[in-house]
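Quick look at final-v5.cif (mmCIF, C-alpha atoms):
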```cif
data_start
loop_
_atom_site.group_PDB
_atom_site.id
_atom_site.type_symbol
_atom_site.label_atom_id
_atom_site.label_comp_id
_atom_site.auth_asym_id
_atom_site.auth_seq_id
_atom_site.Cartn_x
_atom_site.Cartn_y
_atom_site.Cartn_z
ATOM 1 C CA MET A 10 61.546 -35.393 89.256
ATOM 2 C CA LYS A 11 58.397 -34.044 87.661
ATOM 3 C CA LYS A 12 57.413 -34.242 84.009
ATOM 4 C CA ILE A 13 55.022 -31.755 82.420
ATOM 5 C CA ILE A 14 52.176 -33.360 80.460
ATOM 6 C CA ASN A 15 50.419 -31.292 77.798
ATOM 7 C CA THR A 16 48.540 -32.402 74.681
ATOM 8 C CA HIS A 17 46.831 -30.616 71.802
ATOM 9 C CA ASN A 18 43.974 -33.131 72.213
ATOM 10 C CA ALA A 19 42.800 -31.355 75.363
ATOM 11 C CA PRO A 20 42.087 -27.658 75.947
ATOM 12 C CA VAL A 21 45.016 -25.302 76.293
ATOM 13 C CA PRO A 22 45.354 -24.111 79.912
ATOM 14 C CA ILE A 23 43.715 -20.732 80.551
ATOM 15 C CA GLY A 24 46.148 -19.750 83.263
ATOM 16 C CA PRO A 25 49.622 -20.416 84.679
ATOM 17 C CA TYR A 26 49.306 -24.206 84.946
ATOM 18 C CA ASN A 27 49.791 -27.380 82.887
ATOM 19 C CA GLN A 28 47.252 -30.021 81.958
ATOM 20 C CA ALA A 29 49.006 -32.556 84.201
ATOM 21 C CA ILE A 30 52.177 -33.317 86.113
ATOM 22 C CA LEU A 31 53.716 -36.781 86.256
ATOM 23 C CA VAL A 32 55.812 -37.483 89.354
ATOM 24 C CA GLY A 33 57.291 -40.966 89.316
ATOM 25 C CA ASN A 34 54.378 -43.165 88.323
ATOM 26 C CA THR A 35 51.670 -40.803 89.632
ATOM 27 C CA LEU A 36 49.809 -38.359 87.386
ATOM 28 C CA TYR A 37 48.057 -35.302 88.811
ATOM 29 C CA THR A 38 45.670 -33.670 86.341
ATOM 30 C CA SER A 39 44.511 -30.109 86.485
ATOM 31 C CA GLY A 40 40.774 -29.598 86.584
ATOM 32 C CA GLN A 41 39.169 -29.864 83.175
ATOM 33 C CA ILE A 42 36.102 -27.978 82.046
ATOM 34 C CA ALA A 43 34.027 -28.469 78.906
ATOM 35 C CA PHE A 44 36.176 -26.706 76.315
ATOM 36 C CA ASN A 45 36.190 -28.420 72.945
ATOM 37 C CA PRO A 46 39.937 -28.557 72.164
ATOM 38 C CA GLU A 47 39.334 -28.387 68.404
ATOM 39 C CA THR A 48 37.165 -25.266 68.405
ATOM 40 C CA GLY A 49 38.043 -23.639 71.721
ATOM 41 C CA ASN A 50 34.309 -23.296 72.424
ATOM 42 C CA LEU A 51 32.619 -24.295 75.660
ATOM 43 C CA ILE A 52 30.132 -27.155 75.361
ATOM 44 C CA LEU A 53 27.282 -26.159 77.678
ATOM 45 C CA GLU A 54 24.144 -27.386 75.897
ATOM 46 C CA ASP A 55 23.149 -29.652 78.820
ATOM 47 C CA ILE A 56 24.874 -31.027 81.906
ATOM 48 C CA LYS A 57 25.368 -34.565 80.551
ATOM 49 C CA THR A 58 26.950 -33.305 77.322
ATOM 50 C CA GLU A 59 29.086 -30.897 79.329
ATOM 51 C CA THR A 60 30.253 -33.710 81.632
ATOM 52 C CA HIS A 61 31.065 -35.971 78.664
ATOM 53 C CA GLN A 62 33.240 -33.204 77.164
ATOM 54 C CA VAL A 63 35.089 -32.845 80.484
ATOM 55 C CA MET A 64 35.666 -36.598 80.557
ATOM 56 C CA GLN A 65 36.903 -36.620 76.954
ATOM 57 C CA ASN A 66 39.366 -33.884 77.862
ATOM 58 C CA LEU A 67 40.599 -35.926 80.817
ATOM 59 C CA LYS A 68 40.831 -39.011 78.604
ATOM 60 C CA ALA A 69 43.154 -37.069 76.262
ATOM 61 C CA VAL A 70 45.343 -35.898 79.149
ATOM 62 C CA LEU A 71 45.564 -39.442 80.519
ATOM 63 C CA ALA A 72 46.466 -40.753 77.044
ATOM 64 C CA ALA A 73 49.264 -38.182 76.777
ATOM 65 C CA ALA A 74 50.761 -39.871 79.855
ATOM 66 C CA ASN A 75 50.120 -43.367 78.415
ATOM 67 C CA MET A 76 47.262 -43.985 80.845
ATOM 68 C CA THR A 77 43.520 -44.633 80.705
ATOM 69 C CA PHE A 78 40.616 -44.307 83.119
ATOM 70 C CA ASP A 79 41.679 -47.721 84.472
ATOM 71 C CA ASN A 80 44.706 -45.961 85.992
ATOM 72 C CA VAL A 81 42.639 -43.365 87.862
ATOM 73 C CA ILE A 82 42.669 -43.810 91.634
ATOM 74 C CA LYS A 83 41.009 -40.522 92.737
ATOM 75 C CA SER A 84 38.644 -37.996 91.195
ATOM 76 C CA THR A 85 37.384 -34.675 92.446
ATOM 77 C CA ILE A 86 34.200 -33.270 90.940
ATOM 78 C CA PHE A 87 33.220 -29.651 91.468
ATOM 79 C CA ILE A 88 29.657 -28.770 90.488
ATOM 80 C CA SER A 89 27.689 -25.558 90.599
ATOM 81 C CA ASN A 90 24.325 -27.204 91.326
ATOM 82 C CA MET A 91 23.935 -30.340 93.455
ATOM 83 C CA ASP A 92 20.501 -30.838 91.888
ATOM 84 C CA GLU A 93 22.367 -31.971 88.737
ATOM 85 C CA PHE A 94 24.383 -34.603 90.628
ATOM 86 C CA LEU A 95 22.484 -37.600 89.228
ATOM 87 C CA LEU A 96 22.934 -36.504 85.608
ATOM 88 C CA ILE A 97 26.623 -35.705 86.140
ATOM 89 C CA ASN A 98 27.106 -39.022 87.936
ATOM 90 C CA GLU A 99 25.446 -40.904 85.079
ATOM 91 C CA ALA A 100 27.758 -39.345 82.471
ATOM 92 C CA TYR A 101 30.877 -39.675 84.672
ATOM 93 C CA GLY A 102 30.024 -43.243 85.637
ATOM 94 C CA SER A 103 29.877 -44.383 82.005
ATOM 95 C CA TYR A 104 33.697 -44.101 81.896
ATOM 96 C CA PHE A 105 34.299 -46.509 84.792
ATOM 97 C CA ASP A 106 33.488 -50.073 85.718
ATOM 98 C CA ASP A 107 31.979 -50.403 89.205
ATOM 99 C CA THR A 108 34.682 -52.910 90.144
ATOM 100 C CA ASN A 109 37.559 -50.491 89.493
ATOM 101 C CA ALA A 110 35.977 -47.057 89.930
ATOM 102 C CA PRO A 111 38.272 -44.595 91.717
ATOM 103 C CA ALA A 112 37.781 -42.950 95.076
ATOM 104 C CA ARG A 113 35.936 -39.661 94.646
ATOM 105 C CA GLU A 114 34.384 -36.626 96.222
ATOM 106 C CA THR A 115 31.801 -34.307 94.721
ATOM 107 C CA VAL A 116 31.549 -30.765 96.021
ATOM 108 C CA GLN A 117 29.088 -28.015 95.194
ATOM 109 C CA VAL A 118 30.855 -24.692 94.738
ATOM 110 C CA ALA A 119 29.607 -21.130 94.360
ATOM 111 C CA ARG A 120 31.236 -20.575 90.978
ATOM 112 C CA LEU A 121 33.563 -22.258 88.480
ATOM 113 C CA PRO A 122 35.875 -20.838 85.797
ATOM 114 C CA LYS A 123 34.049 -19.444 82.759
ATOM 115 C CA ASP A 124 30.784 -20.026 84.683
ATOM 116 C CA VAL A 125 30.719 -23.693 83.702
ATOM 117 C CA ASN A 126 28.648 -26.224 85.638
ATOM 118 C CA VAL A 127 31.216 -28.960 86.253
ATOM 119 C CA GLU A 128 34.997 -29.303 86.642
ATOM 120 C CA ILE A 129 36.816 -32.580 87.273
ATOM 121 C CA SER A 130 40.403 -33.400 88.242
ATOM 122 C CA MET A 131 42.026 -36.796 88.681
ATOM 123 C CA ILE A 132 44.994 -38.626 90.133
ATOM 124 C CA ALA A 133 46.184 -41.708 88.241
ATOM 125 C CA VAL A 134 48.941 -44.274 88.794
ATOM 126 C CA GLN A 135 50.778 -46.397 86.232
#
```
Can you dump the structure from the file as structure tokens?
Amino acid sequence: MKKIINTHNAPVPIGPYNQAILVGNTLYTSGQIAFNPETGNLILEDIKTETHQVMQNLKAVLAAANMTFDNVIKSTIFISNMDEFLLINEAYGSYFDDTNAPARETVQVARLPKDVNVEISMIAVQ
């Protein structure tokens, strides 16, 4: 049985989807982009700040399911420019310890929603 996870502490979905779905003890998050949930504005001043906002949004979704980044087992990062990989990786990496970092792939794509530069989704287990 699936449980819908939504929180006001993360951006409201901009389409026909939910922030996350919990099935048993596994949480599947939708991709998050750098919307500030309080203002509804995109945070695009620089790639590190943008990535931190994405991670804060994911943190809120995880918290709504009583989880943290320690529960994350898989991440997918979509970026619009592979030349920004190191800066994105630096911001993303600050949320994980090297000993328990999740599996991950990073893929450059032609375009992301709202023309953002980074989108991240996660799978977590309780």
Let me know the residues the PyMOL selection byres ((chain A and resi 43) around 12) catches in the file above, as a PyMOL selection string. chain A and resi 19-21+40-42+44-67+121-129
Take atom CA of Ala73 of chain A and atom CA of Val134 of chain A and report the distance between them in Å, one decimal.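 So the two atoms, atom CA of Ala73 of chain A and atom CA of Val134 of chain A, lie 13.5 Å apart.
Among the candidate residues A:Thr115, A:Thr35, A:Thr16, A:Ser89, the one lying nearest to Val70 of chain A is A:Thr16, with distances computed using only C-alpha atoms.
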Apply the PyMOL selection byres ((chain A and resi 132) around 9) to the structure shown and report the selected residues as a PyMOL selection string. chain A and resi 35-38+80-85+130-131+133-134
Atomic distance atom CA of Pro25 of chain A - atom CA of Ser39 of chain A, expressed in Å with one decimal: 11.1 Å
Atom-to-atom span, atom CA of Ser103 of chain A and atom CA of Asn75 of chain A, Å: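 Taking atom CA of Ser103 of chain A as the start and atom CA of Asn75 of chain A as the end point, the length is 20.6 Å.
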Taking all atoms listed in the file into account, name the residue in A:Arg120, A:Asn109, A:Pro22, A:Gln28 that is nearest to Ala69 of chain A. A:Gln28
Can you work out which one of A:Asn15, A:Val118, A:Ala110, A:Leu71 has the shortest atom-to-atom distance to Asn27 of chain A, counting only C-alpha atoms?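 That would be A:Asn15, the residue with the smallest distance to Asn27 of chain A.
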Pick from A:Glu114, A:Ala74, A:His17, A:Leu95, whichever lies nearest to Ala29 of chain A using only C-alpha atoms: A:Ala74
Padding 5 Å on every side, please: axis-aligned box over the listed atoms of segment 35-44 of chain A, centre and edge lengths to one decimal in Å, as AutoDock Vina command-line options.
```
--center_x 42.8 --center_y -33.8 --center_z 83.0 --size_x 27.6 --size_y 24.1 --size_z 23.3
```
